[in-house]
Amino acid sequence: MTATVSTPQSGHSEDLLALAASVLEQATGAEQVEVLLSRASSTTVKVYEGEVESLTSADSSGAGIRIIRDGRLGFAHCGSLDPTVLLETLREARDNLEFAEPDEWNGLAQPDGVAVVAQNGWSDSVVAFPVDRKIALALELEQRVLAADSRITGIRSTAYGDAWGESVILSTAGIEAVDRGASCSISTQPLARVGEETQTGFGYDSGRVPESLDLDHATAEAVDRATRLLGAVKPPSARMTILLEPRLAISLMGIVSGMLSGESVLKGRSPFGERLGEQIASSLLSLIDDPTRSESIGAEEVDGEGLACRSNLLISDGVLQGFLQDSYSGRRSGSASTGSAVRGTRSLPGVGAQLLVMQPGTRSFEELVSSIDLGLYVNSLSGMHSGVNTISGDFSVGADGLMIRNGSLAEPVRELTLASTLQRLLLDISEVGGDFEWLRGGDGACSLVIQDVSLSGA
Amino acid sequence: MLEESTIQRVLAAAASRGADFAEIFAEEKRSSSALLDDGRIEELTSGRDRGAGIRVVVGESTGFAHTSDLSEAGLIAAAETAASAARGSGTGTTIVDLDRVNAQRPNLVRIMPGDVPKAKKVELLLMANEMARAEGAAITQVSARYADSHRRILVANTDGTLGTDEQVKTLFSISAVASGDTGMQTGRESIGRTVGFELFDTYEVGDLARTAAQRAITKLAARPAPSGEMTVVIGPGGGGVMFHEACGHGLEADLVGKGASVFAGRLGEQVASSLVTLVDDGTMGGEWGCFAIDDEGRPAQRNVLIQDGILVDYMWDGLRARAEGRASSGNGRRQSYQHLPMVRMTNTYLLGGTSTPDQILSDTESGVYISHLGGGQVNTATGDFVFGMTEAYLIEGGRITEPLREGNLIGNGPGVLTSIDAVGNDFAMGGPGTCGKDGQGVPVGDGVPTLRVASGLTIGGTAA
């Protein structure tokens, strides 16, 4: 709903590029300038008890402008594509750099000749999907979840959401990148109740074709998660084996990938900074960051600085193979960008993984369960932001789940913590599952079995 | 920000298909920040956002649209989108006259951060870096951040409310890394208040730097935290995070109304030890979660939630209050004009008691003393919650002894609240927090005196 540009449509980014070019024209000879412009449309339908609770229809836009001069860096952002506001934002960025200290490694990303692997992130069917159908999908999901199990007594919220948008990065260094994407999702959070006890679940699906969203999957997942913890008790403290399903295994891998950021290494904040070529994990673990994998909904063509995304091997058979770099950390560490800059319009690029892929083992999830005498199959983890320290490696999180006894899933447990260190967890991996799946968030993951984790309970 | 006649026409457009309620929320926000890392002023950032969100309520349904175009044409287009989203099927609602809300500003801002030269902000960062590193050679890395924001809002609705507010916030945080034979440890400290640059007349960045550095250095000698249920003493200040998670979220009327809270249906009951009186107070001058009006135009209030252990009331926003035929408690907040308001906390704190902190400690044979907490998380339906300890010690024989490594604690809200058996007379507010709920972050404050939880908290360590 900005005055200057229209709603995004596939293949119509010329006006954004022209607007970005008009900002670059303001660069003086000594300045390197990079402009990131983006605009997006989204819909969120929330339903509750058979009625639309809220319907949000939103268009948003934004810009981030980075200027480097004499090694000094300035940045400013705005929530608008109005040309006047963009020029004011450019002036702000220019003013900001006066107060930053020079750094010889500061600079924009330089085109590096790596070819873009084309992705099909756009979806006309998301854009064309009528509002009434969006509402109907959410209502249908709510109804199915309520009907699925008599213990489901309510649903906190059921939603359909979609978003489509595009962004361009243009710089005086010769970067010109256009990125477009569209996706849709459904989600539901049921409450299961027996007597005075309530448990919650969560079900989700996402994709690029609204008609193909899997309501059965979302329903089954939500109902299973909400009901399987009913009757859970606090278990006694013990050290034991834990089983993380793919969704949770990847959240652990996500934390580890953050410790492999070239920026953390340069600034002495990674416990793995000096360990290149060394065994940092069980030899069963191989991990790659590969945003070029078209089979994943998370595939991307370019990174946050407009360089082509590429495949980066992080851990192979437990041996640390490399770090992720953006243009700054690549230059300063004497290597190069690995195309791993991540950002929004409101922030400068930082280093991060974009699409993690685990190398699968051989045995199925059921076989993993049957191989464990005493363990915990984890249902959910909490406090990942408050009890995990990627610098010290301390790892302590809240959890609930099902006990595994003599190779079978047994009673539900809750109000417990799991603790170790990130360094130990990696070495204590005793099996990687063969149950590889592309998660709905985009990453490719398998189950993980980890030994000797401290479970604190009663 | 907007002419009253424009507001009238936009509200009329929003209500043109029939509406029980329509609202315009306009916002203009400027922010600036400066970051020091790795011994150098690394970046200065400025941001500006401006826009309006339009909400139309028909029966139980809400339609919402937002725009960054504050011209009358832009606003009316958004109003029509919101009206169509609400799917009203009536004729236009008559718009009542707008009455300006008279809400007391919680405090005056003496020095607008926008008027302070950037060089002065940068100077604070350099000083903090120097002071943190001067704490010892063990300090191997320091990062520090200065940030300020200036948010102006206008809320007008078909009930006749017209309110404006101006919220200025200033924040400073510092993180240090200490390295030793045992690896690396971190320490952090921050201060943030709803005031201007005069923040630094009251707080020395050097003190914050020393605290952060000492936290990191102390932990180099820390032993693994114990595992299992123990008595926990929480020091004054930041321990409010525990109440925010243990019962704060569970007392939000939207979650209660959907049966997603263990505190649903328990009004008038004893839900906590009689030593517990818990207040949520948006009027607390200068605190991180204060304001004159909430994001629905309702003046800030001081609300007693739990009085001497008895559950007195939940927290309410306009939508939930309207459904119950009562008044909002001034807890309707939103992250920005791009978000719908919902029930949120402001400054949540436990009132002080009568014990001295020394009495509480010396009376504790063994346990854990937590002097600085990290964030937390709660499942309101089950009441299970966690919070992190970022500076903690063992209590042995009524004395604080060895430092402990970081970790989470887990407990169940109702169980923990009833197990509080001592509350100190040393109340203090804690550091600035950002509370996340359904994808929206809002600034919140909290505070506690020294208190003891006799049982119900499990320490998530690795030591037997």
# chains A, B, ... in the order shown; residues from 1 in each chain; ligands from 1
$ residues_around --residues "Ile310 of chain B" --least-positions-apart "2" --cutoff "8 Å" --atoms "only C-alpha atoms" --output "PyMOL selection string"
chain B and resi 267-272+274+306-308+312
$ write_last_selection --atoms "C-alpha atoms" --output "PDB file, in the first residue's frame"
ATOM      1  CA  LEU B 267     -10.344 -16.191  40.609  1.00  0.00           C
ATOM      2  CA  GLY B 268     -10.703 -15.716  44.366  1.00  0.00           C
ATOM      3  CA  GLU B 269      -8.702 -18.866  45.097  1.00  0.00           C
ATOM      4  CA  GLN B 270      -5.418 -19.183  46.905  1.00  0.00           C
ATOM      5  CA  VAL B 271      -2.964 -19.701  44.033  1.00  0.00           C
ATOM      6  CA  ALA B 272       0.244 -18.680  45.800  1.00  0.00           C
ATOM      7  CA  SER B 274       0.251 -15.758  51.338  1.00  0.00           C
ATOM      8  CA  ILE B 306      -2.432 -11.682  43.263  1.00  0.00           C
ATOM      9  CA  GLN B 307      -3.076 -10.251  46.730  1.00  0.00           C
ATOM     10  CA  ASP B 308      -1.616 -12.165  49.699  1.00  0.00           C
ATOM     11  CA  VAL B 312      -7.653 -11.126  42.291  1.00  0.00           C
TER      12      VAL B 312
END
$ residues_around --residues "Leu255 of chain B" --least-positions-apart "5" --cutoff "10 Å" --atoms "only C-alpha atoms" --output "list of chain:residue names"
A:Arg156, B:His249, B:Gly250, B:Ala260, B:Ser261, B:Val262, B:Phe263, B:Ala264, B:Val343, B:Thr380, B:Ala381
$ select_by_dssp --residues "segment 67-285 of chain B" --states "strand (DSSP E or B)" --output "VMD selection string"
chain B and resid 67 99 to 100 139 to 157 161 to 180 183 to 193 223 226 to 229 232 to 234 237 252 270 278 to 281
$ interface_residues --of "chain A" --to "chain B" --cutoff "7 Å" --atoms "only C-alpha atoms" --output "number ranges by chain"
A: 1-3, 52-59, 73-80, 92, 96-97, 99-101, 156, 198-200, 237, 267, 382-383, 386-387, 391-392, 394-398, 415-420, 454, 456-458
$ residues_around --residues "Arg331 of chain A" --least-positions-apart "6" --cutoff "9 Å" --atoms "only C-alpha atoms" --output "list of chain:residue names"
A:Trp105, A:Asn106, A:Gly107, A:Gln325, A:Ser337
$ select_by_dssp --residues "segment 167-397 of chain B" --states "alpha helix (DSSP H)" --output "PyMOL selection string"
chain B and resi 199-202+205-220+240-243+253-257+318-324+357-362
$ closest_residue --among "B:Gly332, B:Gly367, B:Gly114, B:Gly441" --to "Gly196 of chain B" --atoms "only C-alpha atoms"
B:Gly114
$ residues_around --residues "Ser371 of chain B" --least-positions-apart "4" --cutoff "10 Å" --atoms "only C-alpha atoms" --output "NGL selection string"
:B and (233-239 or 389-393 or 450)
$ residues_around --residues "Arg151 of chain B" --least-positions-apart "4" --cutoff "6 Å" --atoms "only C-alpha atoms" --output "PyMOL selection string"
chain B and resi 28-29+166-167
